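Text of model.txt (compact mmCIF, N, CA and C atoms) as supplied:
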# COMPACT_ATOMS: atom_id res chain seq x y z
N THR A 1497 28.72 7.72 -39.44
CA THR A 1497 30.08 7.64 -39.94
C THR A 1497 30.12 6.65 -41.09
N ARG A 1498 31.09 6.89 -41.95
CA ARG A 1498 31.31 5.99 -43.07
C ARG A 1498 32.77 5.65 -43.16
N SER A 1499 33.03 4.44 -43.55
CA SER A 1499 34.41 3.99 -43.74
C SER A 1499 34.70 3.97 -45.24
N ILE A 1500 35.80 4.61 -45.60
CA ILE A 1500 36.20 4.65 -47.01
C ILE A 1500 37.58 4.02 -47.14
N THR A 1501 37.70 3.12 -48.07
CA THR A 1501 39.00 2.49 -48.33
C THR A 1501 39.49 2.96 -49.70
N ILE A 1502 40.69 3.50 -49.71
CA ILE A 1502 41.31 3.92 -50.96
C ILE A 1502 42.49 3.00 -51.20
N SER A 1503 42.44 2.32 -52.33
CA SER A 1503 43.54 1.42 -52.62
C SER A 1503 44.25 1.88 -53.89
N ALA A 1504 45.54 1.65 -53.88
CA ALA A 1504 46.35 2.00 -55.04
C ALA A 1504 46.02 1.06 -56.19
N PRO A 1505 46.08 1.56 -57.41
CA PRO A 1505 45.82 0.66 -58.54
C PRO A 1505 46.89 -0.41 -58.62
N GLY A 1506 46.53 -1.53 -59.22
CA GLY A 1506 47.49 -2.63 -59.38
C GLY A 1506 48.61 -2.24 -60.32
N ASN A 1507 49.55 -3.13 -60.46
CA ASN A 1507 50.69 -2.89 -61.34
C ASN A 1507 50.20 -2.63 -62.77
N GLN A 1508 50.56 -1.50 -63.32
CA GLN A 1508 50.18 -1.13 -64.68
C GLN A 1508 51.20 -1.67 -65.68
N ALA A 1509 50.74 -2.06 -66.83
CA ALA A 1509 51.64 -2.56 -67.88
C ALA A 1509 52.48 -1.41 -68.43
N PRO A 1510 53.75 -1.67 -68.72
CA PRO A 1510 54.59 -0.63 -69.32
C PRO A 1510 54.15 -0.34 -70.76
N VAL A 1511 54.65 0.77 -71.27
CA VAL A 1511 54.37 1.16 -72.66
C VAL A 1511 55.66 0.96 -73.46
N ALA A 1512 55.58 0.17 -74.50
CA ALA A 1512 56.71 -0.05 -75.41
C ALA A 1512 56.49 0.79 -76.66
N THR A 1513 57.58 1.37 -77.16
CA THR A 1513 57.52 2.19 -78.37
C THR A 1513 58.68 1.82 -79.28
N ILE A 1514 58.40 1.51 -80.54
CA ILE A 1514 59.44 1.25 -81.52
C ILE A 1514 59.68 2.54 -82.29
N THR A 1515 60.95 2.98 -82.34
CA THR A 1515 61.28 4.18 -83.09
C THR A 1515 61.97 3.87 -84.41
N SER A 1516 62.55 2.69 -84.53
CA SER A 1516 63.21 2.27 -85.76
C SER A 1516 63.21 0.75 -85.80
N PRO A 1517 62.99 0.13 -86.94
CA PRO A 1517 62.88 0.67 -88.28
C PRO A 1517 61.51 1.31 -88.52
N ALA A 1518 61.41 2.03 -89.65
CA ALA A 1518 60.16 2.68 -90.02
C ALA A 1518 59.08 1.63 -90.29
N ILE A 1519 57.84 2.03 -90.12
CA ILE A 1519 56.70 1.16 -90.42
C ILE A 1519 56.75 0.78 -91.90
N HIS A 1520 56.60 -0.48 -92.19
CA HIS A 1520 56.58 -1.04 -93.54
C HIS A 1520 57.89 -0.84 -94.30
N ALA A 1521 59.00 -0.68 -93.58
CA ALA A 1521 60.31 -0.51 -94.23
C ALA A 1521 60.65 -1.77 -95.02
N ILE A 1522 61.42 -1.57 -96.09
CA ILE A 1522 61.85 -2.68 -96.94
C ILE A 1522 63.38 -2.69 -96.97
N PHE A 1523 63.96 -3.87 -96.74
CA PHE A 1523 65.41 -4.02 -96.70
C PHE A 1523 65.82 -5.16 -97.63
N PRO A 1524 66.97 -5.03 -98.30
CA PRO A 1524 67.48 -6.17 -99.05
C PRO A 1524 68.05 -7.20 -98.07
N SER A 1525 68.01 -8.46 -98.43
CA SER A 1525 68.59 -9.48 -97.54
C SER A 1525 70.07 -9.16 -97.32
N GLY A 1526 70.53 -9.37 -96.11
CA GLY A 1526 71.91 -9.08 -95.75
C GLY A 1526 72.15 -7.66 -95.27
N ALA A 1527 71.17 -6.77 -95.42
CA ALA A 1527 71.32 -5.40 -94.97
C ALA A 1527 71.31 -5.34 -93.44
N VAL A 1528 72.01 -4.38 -92.89
CA VAL A 1528 71.98 -4.15 -91.45
C VAL A 1528 70.68 -3.42 -91.13
N VAL A 1529 69.89 -4.00 -90.23
CA VAL A 1529 68.63 -3.40 -89.80
C VAL A 1529 68.83 -2.97 -88.35
N LEU A 1530 68.60 -1.68 -88.08
CA LEU A 1530 68.74 -1.13 -86.73
C LEU A 1530 67.37 -1.08 -86.07
N PHE A 1531 67.28 -1.70 -84.92
CA PHE A 1531 66.05 -1.68 -84.12
C PHE A 1531 66.30 -0.78 -82.92
N THR A 1532 65.45 0.22 -82.74
CA THR A 1532 65.54 1.06 -81.54
C THR A 1532 64.15 1.24 -80.96
N GLY A 1533 64.09 1.31 -79.65
CA GLY A 1533 62.81 1.48 -78.99
C GLY A 1533 62.98 1.80 -77.52
N THR A 1534 61.86 2.06 -76.88
CA THR A 1534 61.87 2.43 -75.46
C THR A 1534 60.78 1.66 -74.72
N GLY A 1535 60.96 1.59 -73.43
CA GLY A 1535 59.95 1.04 -72.54
C GLY A 1535 59.80 1.99 -71.36
N LEU A 1536 58.57 2.37 -71.06
CA LEU A 1536 58.31 3.29 -69.95
C LEU A 1536 57.24 2.70 -69.06
N ASP A 1537 57.51 2.68 -67.76
CA ASP A 1537 56.60 2.08 -66.80
C ASP A 1537 56.25 3.08 -65.72
N LEU A 1538 54.98 3.14 -65.33
CA LEU A 1538 54.56 4.09 -64.30
C LEU A 1538 55.26 3.85 -62.97
N GLU A 1539 55.46 2.58 -62.64
CA GLU A 1539 56.08 2.27 -61.35
C GLU A 1539 57.60 2.26 -61.41
N ASP A 1540 58.18 1.75 -62.49
CA ASP A 1540 59.63 1.56 -62.59
C ASP A 1540 60.35 2.66 -63.37
N GLY A 1541 59.63 3.46 -64.10
CA GLY A 1541 60.26 4.49 -64.92
C GLY A 1541 60.75 3.91 -66.24
N VAL A 1542 61.89 4.39 -66.72
CA VAL A 1542 62.45 3.95 -68.00
C VAL A 1542 63.00 2.53 -67.85
N LEU A 1543 62.59 1.65 -68.77
CA LEU A 1543 63.07 0.27 -68.76
C LEU A 1543 64.22 0.13 -69.75
N SER A 1544 65.14 -0.76 -69.46
CA SER A 1544 66.30 -0.94 -70.34
C SER A 1544 66.80 -2.38 -70.26
N GLY A 1545 67.85 -2.66 -71.05
CA GLY A 1545 68.50 -3.97 -71.00
C GLY A 1545 67.55 -5.11 -71.27
N SER A 1546 67.64 -6.14 -70.44
CA SER A 1546 66.85 -7.36 -70.66
C SER A 1546 65.35 -7.16 -70.41
N SER A 1547 64.94 -5.98 -69.94
CA SER A 1547 63.52 -5.67 -69.79
C SER A 1547 62.86 -5.41 -71.14
N LEU A 1548 63.68 -5.22 -72.18
CA LEU A 1548 63.17 -4.97 -73.53
C LEU A 1548 63.62 -6.11 -74.44
N VAL A 1549 62.66 -6.85 -74.97
CA VAL A 1549 62.97 -8.02 -75.81
C VAL A 1549 62.38 -7.81 -77.20
N TRP A 1550 63.24 -7.99 -78.21
CA TRP A 1550 62.85 -7.88 -79.62
C TRP A 1550 62.62 -9.28 -80.19
N THR A 1551 61.51 -9.44 -80.93
CA THR A 1551 61.23 -10.71 -81.59
C THR A 1551 60.76 -10.46 -83.01
N SER A 1552 60.89 -11.51 -83.83
CA SER A 1552 60.42 -11.51 -85.20
C SER A 1552 59.47 -12.69 -85.37
N SER A 1553 58.41 -12.48 -86.13
CA SER A 1553 57.47 -13.57 -86.39
C SER A 1553 58.12 -14.69 -87.21
N LEU A 1554 59.19 -14.38 -87.93
CA LEU A 1554 59.86 -15.41 -88.75
C LEU A 1554 61.07 -16.03 -88.06
N GLN A 1555 61.71 -15.30 -87.14
CA GLN A 1555 62.96 -15.80 -86.56
C GLN A 1555 62.96 -15.91 -85.05
N GLY A 1556 61.87 -15.56 -84.39
CA GLY A 1556 61.84 -15.64 -82.94
C GLY A 1556 62.61 -14.49 -82.29
N ARG A 1557 63.24 -14.80 -81.17
CA ARG A 1557 63.95 -13.77 -80.39
C ARG A 1557 65.15 -13.22 -81.17
N LEU A 1558 65.20 -11.90 -81.28
CA LEU A 1558 66.30 -11.24 -81.98
C LEU A 1558 67.35 -10.69 -81.02
N GLY A 1559 66.93 -10.30 -79.82
CA GLY A 1559 67.86 -9.73 -78.85
C GLY A 1559 67.14 -8.86 -77.84
N THR A 1560 67.93 -8.15 -77.03
CA THR A 1560 67.37 -7.32 -75.96
C THR A 1560 67.99 -5.92 -75.99
N GLY A 1561 67.34 -5.01 -75.30
CA GLY A 1561 67.88 -3.67 -75.12
C GLY A 1561 67.18 -2.61 -75.94
N GLU A 1562 67.60 -1.37 -75.72
CA GLU A 1562 67.01 -0.23 -76.42
C GLU A 1562 67.43 -0.16 -77.87
N SER A 1563 68.58 -0.73 -78.18
CA SER A 1563 69.11 -0.67 -79.54
C SER A 1563 69.73 -2.02 -79.90
N LEU A 1564 69.49 -2.43 -81.13
CA LEU A 1564 69.96 -3.73 -81.59
C LEU A 1564 70.09 -3.66 -83.11
N SER A 1565 71.15 -4.23 -83.64
CA SER A 1565 71.25 -4.31 -85.10
C SER A 1565 71.48 -5.75 -85.52
N ARG A 1566 70.86 -6.10 -86.66
CA ARG A 1566 70.97 -7.46 -87.20
C ARG A 1566 71.15 -7.37 -88.71
N ASN A 1567 71.97 -8.26 -89.26
CA ASN A 1567 72.13 -8.33 -90.71
C ASN A 1567 71.82 -9.73 -91.24
N ASP A 1568 71.16 -10.54 -90.40
CA ASP A 1568 70.88 -11.92 -90.78
C ASP A 1568 69.39 -12.24 -90.85
N LEU A 1569 68.57 -11.24 -91.14
CA LEU A 1569 67.14 -11.49 -91.21
C LEU A 1569 66.81 -12.26 -92.49
N VAL A 1570 65.96 -13.27 -92.36
CA VAL A 1570 65.56 -14.06 -93.52
C VAL A 1570 64.57 -13.27 -94.35
N GLY A 1571 64.47 -13.64 -95.62
CA GLY A 1571 63.55 -12.96 -96.51
C GLY A 1571 62.10 -13.20 -96.12
N GLY A 1572 61.28 -12.19 -96.34
CA GLY A 1572 59.85 -12.30 -96.07
C GLY A 1572 59.32 -11.13 -95.28
N LEU A 1573 58.06 -11.24 -94.92
CA LEU A 1573 57.37 -10.22 -94.13
C LEU A 1573 57.53 -10.56 -92.65
N HIS A 1574 58.22 -9.69 -91.91
CA HIS A 1574 58.46 -9.88 -90.48
C HIS A 1574 57.51 -8.99 -89.67
N LEU A 1575 56.86 -9.57 -88.68
CA LEU A 1575 56.18 -8.77 -87.67
C LEU A 1575 57.19 -8.63 -86.54
N ILE A 1576 57.71 -7.42 -86.37
CA ILE A 1576 58.71 -7.14 -85.34
C ILE A 1576 57.97 -6.65 -84.10
N THR A 1577 58.28 -7.25 -82.95
CA THR A 1577 57.62 -6.87 -81.69
C THR A 1577 58.67 -6.53 -80.65
N LEU A 1578 58.46 -5.42 -79.98
CA LEU A 1578 59.25 -5.04 -78.81
C LEU A 1578 58.35 -5.22 -77.60
N THR A 1579 58.77 -6.09 -76.68
CA THR A 1579 58.02 -6.33 -75.45
C THR A 1579 58.79 -5.77 -74.27
N ALA A 1580 58.13 -4.91 -73.51
CA ALA A 1580 58.71 -4.33 -72.30
C ALA A 1580 58.09 -5.02 -71.10
N THR A 1581 58.94 -5.46 -70.15
CA THR A 1581 58.48 -6.16 -68.96
C THR A 1581 58.97 -5.41 -67.74
N ASP A 1582 58.05 -5.08 -66.82
CA ASP A 1582 58.46 -4.34 -65.62
C ASP A 1582 58.80 -5.29 -64.48
N SER A 1583 59.18 -4.72 -63.34
CA SER A 1583 59.62 -5.52 -62.19
C SER A 1583 58.50 -6.38 -61.60
N GLY A 1584 57.25 -6.02 -61.89
CA GLY A 1584 56.11 -6.82 -61.43
C GLY A 1584 55.65 -7.81 -62.48
N ASN A 1585 56.45 -8.00 -63.54
CA ASN A 1585 56.19 -8.93 -64.63
C ASN A 1585 55.00 -8.54 -65.51
N ALA A 1586 54.58 -7.27 -65.44
CA ALA A 1586 53.56 -6.78 -66.37
C ALA A 1586 54.26 -6.50 -67.70
N LYS A 1587 53.55 -6.76 -68.80
CA LYS A 1587 54.15 -6.62 -70.12
C LYS A 1587 53.33 -5.69 -70.99
N GLY A 1588 54.04 -4.93 -71.80
CA GLY A 1588 53.43 -4.10 -72.82
C GLY A 1588 54.24 -4.28 -74.09
N SER A 1589 53.60 -4.19 -75.25
CA SER A 1589 54.36 -4.42 -76.48
C SER A 1589 53.92 -3.47 -77.58
N ALA A 1590 54.81 -3.33 -78.56
CA ALA A 1590 54.54 -2.57 -79.77
C ALA A 1590 55.03 -3.42 -80.93
N SER A 1591 54.36 -3.33 -82.06
CA SER A 1591 54.74 -4.14 -83.22
C SER A 1591 54.66 -3.31 -84.49
N ARG A 1592 55.43 -3.73 -85.47
CA ARG A 1592 55.34 -3.18 -86.82
C ARG A 1592 55.89 -4.20 -87.79
N THR A 1593 55.48 -4.06 -89.04
CA THR A 1593 55.95 -4.99 -90.06
C THR A 1593 57.08 -4.37 -90.87
N ILE A 1594 58.01 -5.22 -91.27
CA ILE A 1594 59.05 -4.86 -92.21
C ILE A 1594 59.17 -5.99 -93.22
N THR A 1595 59.72 -5.69 -94.37
CA THR A 1595 59.93 -6.71 -95.39
C THR A 1595 61.40 -6.81 -95.70
N VAL A 1596 61.89 -8.04 -95.74
CA VAL A 1596 63.25 -8.30 -96.20
C VAL A 1596 63.12 -8.96 -97.56
N MET A 1597 63.65 -8.29 -98.56
CA MET A 1597 63.57 -8.77 -99.94
C MET A 1597 64.67 -9.78 -100.20
N VAL A 1598 64.30 -10.89 -100.78
CA VAL A 1598 65.26 -11.93 -101.13
C VAL A 1598 65.91 -11.56 -102.45
N LEU A 1599 67.22 -11.42 -102.43
CA LEU A 1599 67.95 -11.13 -103.64
C LEU A 1599 68.26 -12.42 -104.39
N SER A 1600 68.57 -12.34 -105.62
CA SER A 1600 68.88 -13.51 -106.43
C SER A 1600 69.93 -14.37 -105.75
N GLY A 1601 69.66 -15.64 -105.57
CA GLY A 1601 70.60 -16.57 -104.94
C GLY A 1601 70.50 -16.63 -103.43
N ALA A 1602 69.69 -15.75 -102.80
CA ALA A 1602 69.53 -15.77 -101.34
C ALA A 1602 68.50 -16.82 -100.95
N LYS A 1603 68.60 -17.32 -99.75
CA LYS A 1603 67.70 -18.36 -99.27
C LYS A 1603 66.43 -17.74 -98.69
N THR A 1604 65.32 -18.40 -98.89
CA THR A 1604 64.04 -17.98 -98.31
C THR A 1604 63.71 -18.89 -97.15
N PRO A 1605 62.85 -18.42 -96.22
CA PRO A 1605 62.50 -19.28 -95.08
C PRO A 1605 61.75 -20.53 -95.56
N GLN A 1606 61.96 -21.63 -94.89
CA GLN A 1606 61.32 -22.90 -95.25
C GLN A 1606 59.96 -22.99 -94.60
Show me this structure written as structure tokens.
Amino acid sequence: TRSITISAPGNQAPVATITSPAIHAIFPSGAVVLFTGTGLDLEDGVLSGSSLVWTSSLQGRLGTGESLSRNDLVGGLHLITLTATDSGNAKGSASRTITVMVLSGAKTPQ
């Protein structure tokens, strides 16, 4: 006789997907930028609300949820990241860069 143990895989990281803005999009300073994305987890299904966090490499946390709009992004190259966190605290993320062009008289990051 043989004993076989089958164990379920551990908590899998969710998959985050950014659908907007477009990759390498360019916006003038002060423009409304719409961020949309999804989070999907094998154990929890579709993630929403505070399970989805948007951040910028230049400004830090931008907000939460599947959809977010901002018109106060500072000028420069932003690495935008959407991080999805499941109920087991596993994280998955997606990133893309966008550029905010500084218009005449607008402030640049220090």
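Considering the residues A:Val1596, A:Val1542, A:Leu1536, A:Ile1500 and counting only C-alpha atoms, His1574 in chain A has its shortest atom-to-atom contact with A:Val1596.
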Task: Surrounding residues of Ile1514 in chain A excluding itself and chain neighbours under 5 positions, 6 Å, only N, CA and C atoms, as a PyMOL selection string - done: chain A and resi 1532-1534+1590
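Take atom N of Thr1595 in chain A and CA of Gly1572 in chain A: the distance between them is 6.8 Å.
When atom C of Leu1578 in chain A is paired with atom C of Gly1545 in chain A, their separation reads 11.2 Å.
One finds atom C of Gly1541 in chain A at 16.8 Å from atom N of Gly1506 in chain A.
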- [ ] Do a neighbour search on Ile1522 in chain A at 8 Å with only N, CA and C atoms, toss out local chain neighbours closer than 2 positions, and write the hits as a PyMOL selection string.
- [x] chain A and resi 1518-1520+1524-1525+1593-1597
Task: Residues of chain A in strand (DSSP E or B), written as a PyMOL selection string - done: chain A and resi 1511-1516+1522-1524+1529-1537+1541-1543+1548-1552+1556-1560+1563-1566+1572-1581+1587-1597
Task: Spatial neighbours of range 1555-1565 of chain A, max dist 6.5 Å, only N, CA and C atoms, sep filter under 5 positions, as a ChimeraX atom specification - done: /A:1528-1534,1544-1550
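Compared by their closest atoms to Asn1507 in chain A, and using all atoms listed in the file, the residues A:Leu1569, A:Leu1554, A:Leu1538, A:Ile1576 rank with A:Leu1538 nearest.
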- [ ] Kindly extract all protein, DNA and RNA residues lying within 8 Å of the coordinates (52.2, -4.2, -68.2) given in the file, considering only N, CA and C atoms, and supply them as a ChimeraX atom specification.
- [x] /A:1507-1511,1537,1580-1582,1584-1589
- [ ] Point out the residue among A:Ser1516, A:Val1598, A:Asp1540, A:Leu1573 with the least atom-to-atom distance to Ser1553 in chain A, counting all atoms listed in the file.
- [x] A:Leu1573
